[in-house]
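See below for final_17.tsv, which holds TSV, C-alpha atoms and all ligand atoms.
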chain	number	residue	atom	x	y	z
A	28	MET	CA	8.46	102.62	-54.19
A	29	ASN	CA	9.08	106.36	-53.76
A	30	ASP	CA	9.47	107.65	-50.22
A	31	ILE	CA	11.61	110.74	-50.81
A	32	TRP	CA	9.23	113.25	-49.27
A	33	SER	CA	8.10	111.16	-46.31
A	34	SER	CA	11.59	109.94	-45.37
A	35	LYS	CA	13.71	113.01	-46.10
A	36	LEU	CA	11.60	116.17	-46.00
A	37	GLN	CA	8.37	115.93	-44.02
A	38	GLY	CA	7.21	112.84	-42.15
A	39	ILE	CA	3.63	111.56	-42.24
A	40	ASN	CA	2.81	112.91	-38.79
A	41	THR	CA	4.25	116.37	-39.39
A	42	LEU	CA	2.48	116.91	-42.70
A	43	GLU	CA	-0.81	115.38	-41.65
A	44	ILE	CA	-1.25	117.42	-38.47
A	45	SER	CA	-0.01	120.69	-39.91
A	46	ARG	CA	-2.69	120.40	-42.63
A	47	GLU	CA	-5.45	119.25	-40.27
A	48	LEU	CA	-4.82	122.49	-38.40
A	49	ARG	CA	-4.70	124.62	-41.54
A	50	PHE	CA	-7.90	123.40	-43.18
A	51	ARG	CA	-10.24	124.12	-40.30
A	52	ASP	CA	-13.94	123.53	-40.73
A	53	ASP	CA	-14.71	127.21	-40.12
A	54	ARG	CA	-12.73	128.01	-43.32
A	55	LYS	CA	-14.84	125.59	-45.37
A	56	ASP	CA	-17.00	128.11	-47.24
A	57	LEU	CA	-14.08	130.38	-48.11
A	58	ILE	CA	-11.91	127.51	-49.34
A	59	LEU	CA	-14.71	125.96	-51.43
A	60	TYR	CA	-15.67	129.35	-52.86
A	61	ILE	CA	-12.15	130.27	-53.91
A	62	LEU	CA	-11.45	126.85	-55.43
A	63	GLY	CA	-14.87	126.84	-57.13
A	64	LEU	CA	-15.72	123.41	-55.72
A	65	LYS	CA	-19.30	122.22	-55.45
A	66	LYS	CA	-21.25	119.11	-54.54
A	67	GLY	CA	-21.38	116.49	-57.27
A	68	MET	CA	-18.07	117.37	-58.92
A	69	THR	CA	-15.22	115.01	-59.73
A	70	ILE	CA	-12.11	116.55	-58.20
A	71	ALA	CA	-8.41	115.65	-58.44
A	72	GLU	CA	-5.93	116.79	-55.81
A	73	ILE	CA	-2.41	116.50	-57.16
A	74	GLY	CA	0.48	116.18	-54.68
A	75	CYS	CA	-2.07	115.34	-51.98
A	76	GLY	CA	0.50	114.19	-49.39
A	77	THR	CA	-1.23	112.40	-46.52
A	78	GLY	CA	-4.64	113.38	-47.91
A	79	SER	CA	-5.82	115.87	-45.27
A	80	LEU	CA	-7.31	118.39	-47.70
A	81	ALA	CA	-8.86	115.65	-49.86
A	82	ARG	CA	-10.43	114.18	-46.74
A	83	LYS	CA	-11.83	117.55	-45.72
A	84	LEU	CA	-13.34	117.96	-49.19
A	85	ALA	CA	-14.86	114.48	-48.95
A	86	TYR	CA	-16.59	115.47	-45.68
A	87	TRP	CA	-17.55	118.95	-46.80
A	88	LEU	CA	-18.93	117.98	-50.20
A	89	GLY	CA	-20.52	114.64	-49.34
A	90	ASN	CA	-21.00	111.35	-51.11
A	91	GLU	CA	-22.13	112.62	-54.47
A	92	THR	CA	-18.70	114.23	-54.96
A	93	LYS	CA	-15.77	112.04	-56.08
A	94	ILE	CA	-12.31	113.05	-54.95
A	95	THR	CA	-9.06	111.48	-56.13
A	96	GLY	CA	-5.73	112.24	-54.46
A	97	VAL	CA	-2.53	111.70	-56.45
A	98	ASP	CA	1.00	111.77	-55.01
A	99	ARG	CA	4.22	110.05	-55.91
A	100	ASP	CA	5.17	109.22	-52.32
A	101	THR	CA	4.14	105.61	-51.59
A	102	ASN	CA	4.02	106.08	-47.80
A	103	PHE	CA	1.69	109.07	-48.06
A	104	ILE	CA	-0.64	107.31	-50.48
A	105	GLU	CA	-0.81	104.17	-48.33
A	106	PHE	CA	-1.50	106.26	-45.21
A	107	ALA	CA	-4.17	108.37	-46.96
A	108	ALA	CA	-5.93	105.31	-48.44
A	109	GLU	CA	-5.94	103.52	-45.09
A	110	LYS	CA	-7.33	106.57	-43.29
A	111	ALA	CA	-10.10	107.00	-45.88
A	112	LYS	CA	-10.99	103.33	-45.37
A	113	ILE	CA	-11.07	103.67	-41.57
A	114	LYS	CA	-13.23	106.80	-41.85
A	115	LYS	CA	-15.47	104.98	-44.38
A	116	LEU	CA	-15.07	107.74	-46.96
A	117	SER	CA	-16.16	105.84	-50.05
A	118	ASN	CA	-16.08	108.99	-52.23
A	119	LEU	CA	-12.32	109.28	-51.79
A	120	THR	CA	-9.60	107.40	-53.72
A	121	PHE	CA	-5.82	107.73	-53.58
A	122	ILE	CA	-3.40	106.72	-56.27
A	123	GLU	CA	0.36	106.90	-56.71
A	124	GLY	CA	1.45	109.03	-59.65
A	125	ASP	CA	3.61	111.83	-60.97
A	126	ALA	CA	2.25	115.37	-61.23
A	127	LEU	CA	3.76	115.71	-64.70
A	128	ARG	CA	2.24	112.43	-65.92
A	129	ILE	CA	-1.03	112.24	-64.00
A	130	PRO	CA	-2.35	108.68	-64.45
A	131	PHE	CA	-5.75	109.72	-65.86
A	132	PRO	CA	-7.04	110.24	-69.39
A	133	ASP	CA	-7.85	113.68	-70.82
A	134	TYR	CA	-11.13	115.30	-69.66
A	135	SER	CA	-11.41	113.13	-66.48
A	136	PHE	CA	-12.23	115.80	-63.84
A	137	ASP	CA	-14.40	118.86	-63.18
A	138	ALA	CA	-11.61	120.43	-61.13
A	139	SER	CA	-7.96	119.85	-60.37
A	140	ILE	CA	-6.36	121.43	-57.32
A	141	SER	CA	-2.99	121.33	-55.59
A	142	HIS	CA	-1.68	122.71	-52.32
A	143	THR	CA	2.05	123.50	-51.93
A	144	LEU	CA	3.07	121.38	-54.89
A	145	ILE	CA	3.57	123.85	-57.74
A	146	GLU	CA	6.73	125.24	-56.16
A	147	HIS	CA	8.31	121.78	-56.49
A	148	VAL	CA	7.48	121.05	-60.13
A	149	PRO	CA	8.07	122.97	-63.38
A	150	ASN	CA	5.09	125.34	-63.33
A	151	LYS	CA	4.19	125.45	-67.01
A	152	GLU	CA	4.41	121.69	-67.55
A	153	PHE	CA	2.30	121.09	-64.43
A	154	LEU	CA	-0.39	123.55	-65.55
A	155	ILE	CA	-0.50	121.91	-69.00
A	156	GLU	CA	-0.95	118.52	-67.35
A	157	GLN	CA	-3.66	119.78	-64.96
A	158	LYS	CA	-5.51	121.31	-67.89
A	159	ARG	CA	-5.27	118.06	-69.84
A	160	ILE	CA	-7.06	116.02	-67.16
A	161	CYS	CA	-9.92	118.53	-66.81
A	162	ARG	CA	-13.03	118.61	-68.95
A	163	ASP	CA	-13.76	121.77	-70.94
A	164	GLY	CA	-15.06	124.30	-68.42
A	165	GLY	CA	-13.17	122.56	-65.59
A	166	ARG	CA	-11.31	124.67	-63.02
A	167	VAL	CA	-7.61	124.33	-62.18
A	168	SER	CA	-6.36	125.91	-58.94
A	169	VAL	CA	-2.90	125.99	-57.45
A	170	MET	CA	-2.20	127.01	-53.87
A	171	ILE	CA	1.25	128.06	-52.80
A	172	THR	CA	2.50	129.15	-49.39
A	173	ILE	CA	4.68	132.22	-49.56
A	174	GLY	CA	7.44	131.68	-46.97
A	175	ASN	CA	8.36	135.33	-46.46
A	176	LYS	CA	4.70	136.27	-46.03
A	177	THR	CA	4.28	134.31	-42.82
A	178	ILE	CA	3.38	136.15	-39.63
A	179	THR	CA	5.16	134.58	-36.69
A	180	SER	CA	4.91	135.91	-33.15
A	181	SER	CA	7.83	135.22	-30.87
A	182	PRO	CA	6.97	136.12	-27.27
A	183	SER	CA	9.72	135.88	-24.67
A	184	GLU	CA	7.85	133.17	-22.71
A	185	ILE	CA	8.30	130.57	-25.46
A	186	PRO	CA	10.53	127.77	-24.16
A	187	PHE	CA	13.35	128.32	-26.66
A	188	GLN	CA	15.99	125.75	-27.66
A	189	THR	CA	18.82	125.54	-25.15
A	190	GLU	CA	22.42	125.87	-26.33
A	191	ARG	CA	22.89	122.18	-25.61
A	192	GLU	CA	19.95	121.26	-27.86
A	193	ILE	CA	21.36	123.43	-30.65
A	194	GLU	CA	24.75	121.77	-30.19
A	195	LEU	CA	23.27	118.26	-30.36
A	196	MET	CA	21.29	119.22	-33.49
A	197	LYS	CA	24.43	120.32	-35.35
A	198	PRO	CA	25.45	116.93	-36.85
A	199	PHE	CA	22.00	116.66	-38.47
A	200	ILE	CA	22.03	120.05	-40.19
A	201	PRO	CA	24.19	119.13	-43.25
A	202	TYR	CA	21.87	116.18	-43.96
A	203	PHE	CA	18.77	118.37	-43.80
A	204	GLU	CA	20.45	120.96	-46.02
A	205	ASP	CA	21.52	118.32	-48.55
A	206	ALA	CA	18.01	116.82	-48.66
A	207	ASP	CA	16.51	120.29	-49.16
A	208	LYS	CA	18.99	121.07	-51.94
A	209	LEU	CA	18.46	117.73	-53.66
A	210	TYR	CA	14.72	117.35	-53.41
A	211	LEU	CA	13.12	120.72	-52.63
A	212	LYS	CA	13.08	122.18	-56.11
A	213	LYS	CA	11.96	125.77	-56.00
A	214	TYR	CA	10.06	126.70	-59.11
A	215	TRP	CA	8.77	130.14	-58.26
A	216	SER	CA	7.35	131.96	-61.26
A	217	GLY	CA	6.72	135.16	-59.30
A	218	TYR	CA	3.52	136.88	-58.19
A	219	ASP	CA	2.69	138.06	-61.70
A	220	GLY	CA	4.50	135.19	-63.41
A	221	LEU	CA	2.10	132.51	-62.20
A	222	PRO	CA	-1.13	134.09	-63.54
A	223	ARG	CA	0.78	134.96	-66.72
A	224	ILE	CA	1.47	131.25	-67.29
A	225	PHE	CA	-2.25	130.50	-66.90
A	226	ASP	CA	-2.90	133.25	-69.47
A	227	SER	CA	-0.28	131.98	-71.91
A	228	LEU	CA	-1.79	128.48	-71.76
A	229	GLY	CA	-5.23	129.75	-72.76
A	230	TYR	CA	-6.96	129.43	-69.38
A	231	LYS	CA	-10.08	131.60	-69.05
A	232	ASP	CA	-11.57	133.43	-66.03
A	233	ILE	CA	-8.22	133.60	-64.24
A	234	GLN	CA	-8.44	134.56	-60.56
A	235	VAL	CA	-5.82	135.52	-57.99
A	236	ASP	CA	-6.83	134.96	-54.39
A	237	SER	CA	-5.36	134.49	-50.96
A	238	ILE	CA	-6.28	132.79	-47.71
A	239	SER	CA	-4.61	133.27	-44.34
A	240	LEU	CA	-4.35	130.15	-42.25
A	241	PRO	CA	-3.63	130.95	-38.61
A	242	VAL	CA	-2.52	128.36	-36.07
A	243	VAL	CA	-2.82	129.97	-32.64
A	244	VAL	CA	-2.64	127.77	-29.53
A	245	ASP	CA	-4.23	130.36	-27.26
A	246	ASP	CA	-7.12	131.25	-29.59
A	247	SER	CA	-10.31	131.05	-27.53
A	248	ARG	CA	-12.03	128.87	-30.15
A	249	ASN	CA	-9.58	126.04	-29.57
A	250	ASN	CA	-10.67	123.33	-27.16
A	251	ILE	CA	-8.08	121.44	-25.16
A	252	GLU	CA	-7.81	118.67	-27.82
A	253	THR	CA	-6.96	121.23	-30.52
A	254	LYS	CA	-4.41	122.93	-28.25
A	255	LYS	CA	-2.90	119.52	-27.64
A	256	LEU	CA	-2.82	118.82	-31.38
A	257	ILE	CA	-0.88	122.05	-31.96
A	258	VAL	CA	1.66	121.78	-29.14
A	259	GLU	CA	2.09	118.06	-28.71
A	260	GLU	CA	1.43	116.67	-32.12
A	261	GLN	CA	2.40	119.41	-34.52
A	262	GLN	CA	5.21	121.30	-32.80
A	263	ARG	CA	6.78	118.53	-30.74
A	264	SER	CA	6.42	115.79	-33.29
A	265	SER	CA	7.77	117.90	-36.17
A	266	TYR	CA	11.08	118.09	-34.27
A	267	LEU	CA	11.06	114.43	-33.28
A	268	ASP	CA	10.14	113.41	-36.86
A	269	LYS	CA	13.08	115.43	-38.15
A	270	ILE	CA	15.46	113.63	-35.79
A	271	GLU	CA	14.22	110.25	-37.03
A	272	MET	CA	14.74	111.40	-40.63
A	273	GLY	CA	18.23	112.70	-39.82
A	274	VAL	CA	19.13	109.37	-38.19
A	275	GLY	CA	17.90	107.55	-41.31
A	276	MET	CA	19.99	109.75	-43.62
A	277	MET	CA	23.23	109.72	-41.60
A	278	LYS	CA	26.15	107.72	-42.91
A	279	ASN	CA	27.93	107.43	-39.55
A	280	LYS	CA	25.56	106.50	-36.79
A	281	LEU	CA	25.54	108.82	-33.76
A	282	PRO	CA	25.72	107.16	-30.33
A	283	ASP	CA	22.31	106.38	-28.81
A	284	SER	CA	23.20	108.63	-25.86
A	285	HIS	CA	23.43	111.64	-28.25
A	286	ILE	CA	20.05	110.93	-29.83
A	287	ASN	CA	18.34	110.17	-26.52
A	288	GLU	CA	19.65	113.36	-24.89
A	289	LEU	CA	18.50	115.43	-27.86
A	290	LYS	CA	15.03	113.86	-27.82
A	291	LYS	CA	14.78	114.46	-24.08
A	292	LEU	CA	15.66	118.16	-24.47
A	293	ILE	CA	13.02	118.50	-27.18
A	294	ASP	CA	10.51	116.74	-24.96
A	295	ASP	CA	11.38	119.01	-22.02
A	296	ARG	CA	10.90	122.09	-24.18
A	297	PHE	CA	7.45	121.06	-25.35
A	298	ASN	CA	6.47	119.80	-21.89
A	299	LYS	CA	7.13	123.36	-20.67
A	300	ARG	CA	4.97	124.80	-23.46
A	301	TRP	CA	2.21	122.28	-22.72
A	302	ASN	CA	2.34	123.08	-19.00
A	303	LEU	CA	1.61	126.72	-19.82
A	304	VAL	CA	-1.57	125.54	-21.54
A	305	LEU	CA	-2.51	123.41	-18.55
A	306	GLU	CA	-1.88	126.38	-16.23
A	307	ASN	CA	-4.04	128.50	-18.53
A	308	LYS	CA	-1.19	130.96	-19.17
A	309	LYS	CA	-1.59	132.51	-22.59
A	310	ILE	CA	1.60	133.60	-24.32
A	311	TRP	CA	0.26	134.21	-27.87
A	312	ASP	CA	2.92	132.39	-29.82
A	313	TYR	CA	1.51	131.81	-33.28
A	314	LYS	CA	2.04	131.45	-36.98
A	315	ILE	CA	-0.17	132.63	-39.81
A	316	SER	CA	0.60	131.23	-43.25
A	317	THR	CA	-0.48	133.13	-46.31
A	318	VAL	CA	-1.58	131.00	-49.21
A	319	LEU	CA	-1.65	132.45	-52.70
A	320	ILE	CA	-4.23	130.81	-54.95
A	321	VAL	CA	-4.27	131.19	-58.71
A	322	SER	CA	-6.97	129.51	-60.73
A	323	GLY	CA	-8.34	129.41	-64.22
A	324	VAL	CA	-10.94	127.64	-66.33
A	325	LYS	CA	-10.12	125.29	-69.24
B	1	LIG	C1	4.73	120.21	-49.36
B	1	LIG	S1	4.05	118.63	-49.68
B	1	LIG	C2	2.35	119.04	-49.75
B	1	LIG	C3	1.45	117.86	-49.57
B	1	LIG	C4	-0.05	118.21	-49.47
B	1	LIG	N1	-0.52	118.91	-50.63
B	1	LIG	C5	-0.28	119.02	-48.23
B	1	LIG	O1	-0.38	120.25	-48.31
B	1	LIG	O2	-0.32	118.42	-47.16
B	1	LIG	C6	4.43	118.36	-51.36
B	1	LIG	C7	3.88	117.03	-51.87
B	1	LIG	O3	4.10	116.94	-53.28
B	1	LIG	C8	4.50	115.63	-53.60
B	1	LIG	N2	5.25	115.72	-54.85
B	1	LIG	C9	6.39	116.41	-55.10
B	1	LIG	N3	6.74	116.29	-56.39
B	1	LIG	C10	5.79	115.50	-56.98
B	1	LIG	C11	5.58	115.02	-58.29
B	1	LIG	N4	6.42	115.29	-59.27
B	1	LIG	N5	4.50	114.26	-58.52
B	1	LIG	C12	3.61	113.95	-57.53
B	1	LIG	N6	3.77	114.38	-56.28
B	1	LIG	C13	4.84	115.15	-55.99
B	1	LIG	C14	5.31	115.17	-52.42
B	1	LIG	O4	5.40	113.76	-52.34
B	1	LIG	C15	4.53	115.79	-51.27
B	1	LIG	O5	3.54	114.94	-50.82
So that I can check it, write out the structure of this file as structure tokens.
Amino acid sequence: MNDIWSSKLQGINTLEISRELRFRDDRKDLILYILGLKKGMTIAEIGCGTGSLARKLAYWLGNETKITGVDRDTNFIEFAAEKAKIKKLSNLTFIEGDALRIPFPDYSFDASISHTLIEHVPNKEFLIEQKRICRDGGRVSVMITIGNKTITSSPSEIPFQTEREIELMKPFIPYFEDADKLYLKKYWSGYDGLPRIFDSLGYKDIQVDSISLPVVVDDSRNNIETKKLIVEEQQRSSYLDKIEMGVGMMKNKLPDSHINELKKLIDDRFNKRWNLVLENKKIWDYKISTVLIVSGVK
């Protein structure tokens, strides 16, 4: 049983909803084109988390395409498998496994992809392993979010954290920092370094691409359910998830009154943001993540 990621870094809810919002259906053609994915392929997604991208691919590419998600976090894999079953996606399988020892024989897939995994595993070893599981002519793509290339707007109307909320958060911070230090391994080969590794490993037809993934509450294409998903589910629940994780990691339990007050302040903050949506007041707070994609052919 491995639950490091889901219990210490990003909870199921936080990861799942953030990705549902990133991989929007109107980005389908661009994403499939860049990753070189087509109907009928066998595709592996390594470090698939809760399976949101794999699920999108299963919908987009249909039944004749077989998609397998691999992740070492047991909670994510169980969640992803259950969701695929509920959605009756029979072309989608999830399996627990390590990115450096992918539990499949050589030449198993037409394509192997990963999203925000390569920065957490030794790059060269991972690219060797991805190449191993692909057939000759198969495509390997890695997607990585570049933190300092994020566009974030910060309008003054955003209900910001109060000083009291910041104060109540303080006891959690060392635990979050320790978890990040212990488990968030940063293997960044550099903008030119990553394609160079592909080159050094004998990949052909190497491509460097990028996709921007905006999440904008006030965008006119969002219906009320999507707005709700962003404010209520993604933003609010990422804070509440973090609190639950912090509580789980703490050696000395905080009094319930501390935790309840903190949760209430977080709730109040996001209630205010949600009320702006209900009042149809647009404040244009948003985040655009830039994803770098490097791919090559075996
Ligand atoms: C930032 S999350 C991304 C998850 C998913 N790709 C997404 O974008 O929603 C990183 C994922 O990589 C997984 N992971 C980290 N190291 C791994 C390894 N060595 N083998 C398999 N999975 C790993 C974690 O469990 C986590 O699900």
Test item: which residues lie within 9 Å of (-12.9, 115.4, -61.0) counting all atoms listed in the file, as an NGL selection string: :A and (68-72 or 92-95 or 134-139 or 160-162 or 165)
Kindly assemble as JSON lines a list of the chain A residues that lie within 6 Å of ligand LIG 1 (chain B), each paired with its nearest atom pair and their distance in Å to one decimal, using only C-alpha atoms and all ligand atoms, sorted first by chain and then by ascending residue number.
{"residue": "A:Trp32", "atom": "CA", "partner": "B:LIG1", "partner_atom": "O4", "distance": 4.9}
{"residue": "A:Leu42", "atom": "CA", "partner": "B:LIG1", "partner_atom": "O2", "distance": 5.5}
{"residue": "A:Arg46", "atom": "CA", "partner": "B:LIG1", "partner_atom": "O2", "distance": 5.5}
{"residue": "A:Gly74", "atom": "CA", "partner": "B:LIG1", "partner_atom": "O3", "distance": 4.0}
{"residue": "A:Cys75", "atom": "CA", "partner": "B:LIG1", "partner_atom": "N1", "distance": 4.1}
{"residue": "A:Gly76", "atom": "CA", "partner": "B:LIG1", "partner_atom": "O5", "distance": 3.4}
{"residue": "A:Asp98", "atom": "CA", "partner": "B:LIG1", "partner_atom": "N6", "distance": 4.0}
{"residue": "A:Arg99", "atom": "CA", "partner": "B:LIG1", "partner_atom": "C12", "distance": 4.3}
{"residue": "A:Asp100", "atom": "CA", "partner": "B:LIG1", "partner_atom": "O4", "distance": 4.5}
{"residue": "A:Gly124", "atom": "CA", "partner": "B:LIG1", "partner_atom": "C12", "distance": 5.8}
{"residue": "A:Asp125", "atom": "CA", "partner": "B:LIG1", "partner_atom": "N5", "distance": 3.6}
{"residue": "A:Ala126", "atom": "CA", "partner": "B:LIG1", "partner_atom": "N5", "distance": 3.7}
{"residue": "A:His142", "atom": "CA", "partner": "B:LIG1", "partner_atom": "N1", "distance": 4.3}
{"residue": "A:Thr143", "atom": "CA", "partner": "B:LIG1", "partner_atom": "C1", "distance": 5.0}
{"residue": "A:Leu144", "atom": "CA", "partner": "B:LIG1", "partner_atom": "O3", "distance": 4.8}
{"residue": "A:His147", "atom": "CA", "partner": "B:LIG1", "partner_atom": "N3", "distance": 5.7}
{"residue": "A:Val148", "atom": "CA", "partner": "B:LIG1", "partner_atom": "N4", "distance": 5.9}
Show which residues sit within 9 Å of A:Ile171, as number ranges by chain. Count all atoms listed in the file, and ignore same-chain residues fewer than 2 positions away. A: 141-146, 169, 173, 317-321
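Candidate residues A:Met170, A:Ile122, A:Leu292, A:Ile129 were compared for distance to A:Gln157, and the nearest is A:Ile129, using only C-alpha atoms.
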Residues within 9 Å of A:Val242, only C-alpha atoms, excluding chain neighbours under 6 positions, as a list in words: Ser45, Leu48, Arg49, Ile257, Tyr313, Lys314, Ile315 and Ser316 of chain A
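Computed from the coordinates, the atom CA of A:Asp246 to atom CA of A:Asn40 distance equals 22.8 Å.
The coordinates place atom CA of A:Ser265 at 15.2 Å from atom CA of A:Trp301.
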Report as lines of an AutoDock Vina configuration file the centre and the edge lengths, in Å to one decimal, of the axis-aligned box holding every listed atom of stretch 188-194 of chain A, padded by 8 Å on each side.
center_x = 20.4
center_y = 123.6
center_z = -27.9
size_x = 24.8
size_y = 20.6
size_z = 21.5
Can you list, as a PyMOL selection string, every protein, DNA or RNA residue that comes within 9 Å of A:Leu84 when you count only C-alpha atoms, leaving out same-chain residues fewer than 4 positions away? chain A and resi 55+59+64+79-80+88-89+92+94
Atomic separation - atom CA of A:Glu152 relative to atom CA of A:Phe225, Å: 11.1 Å
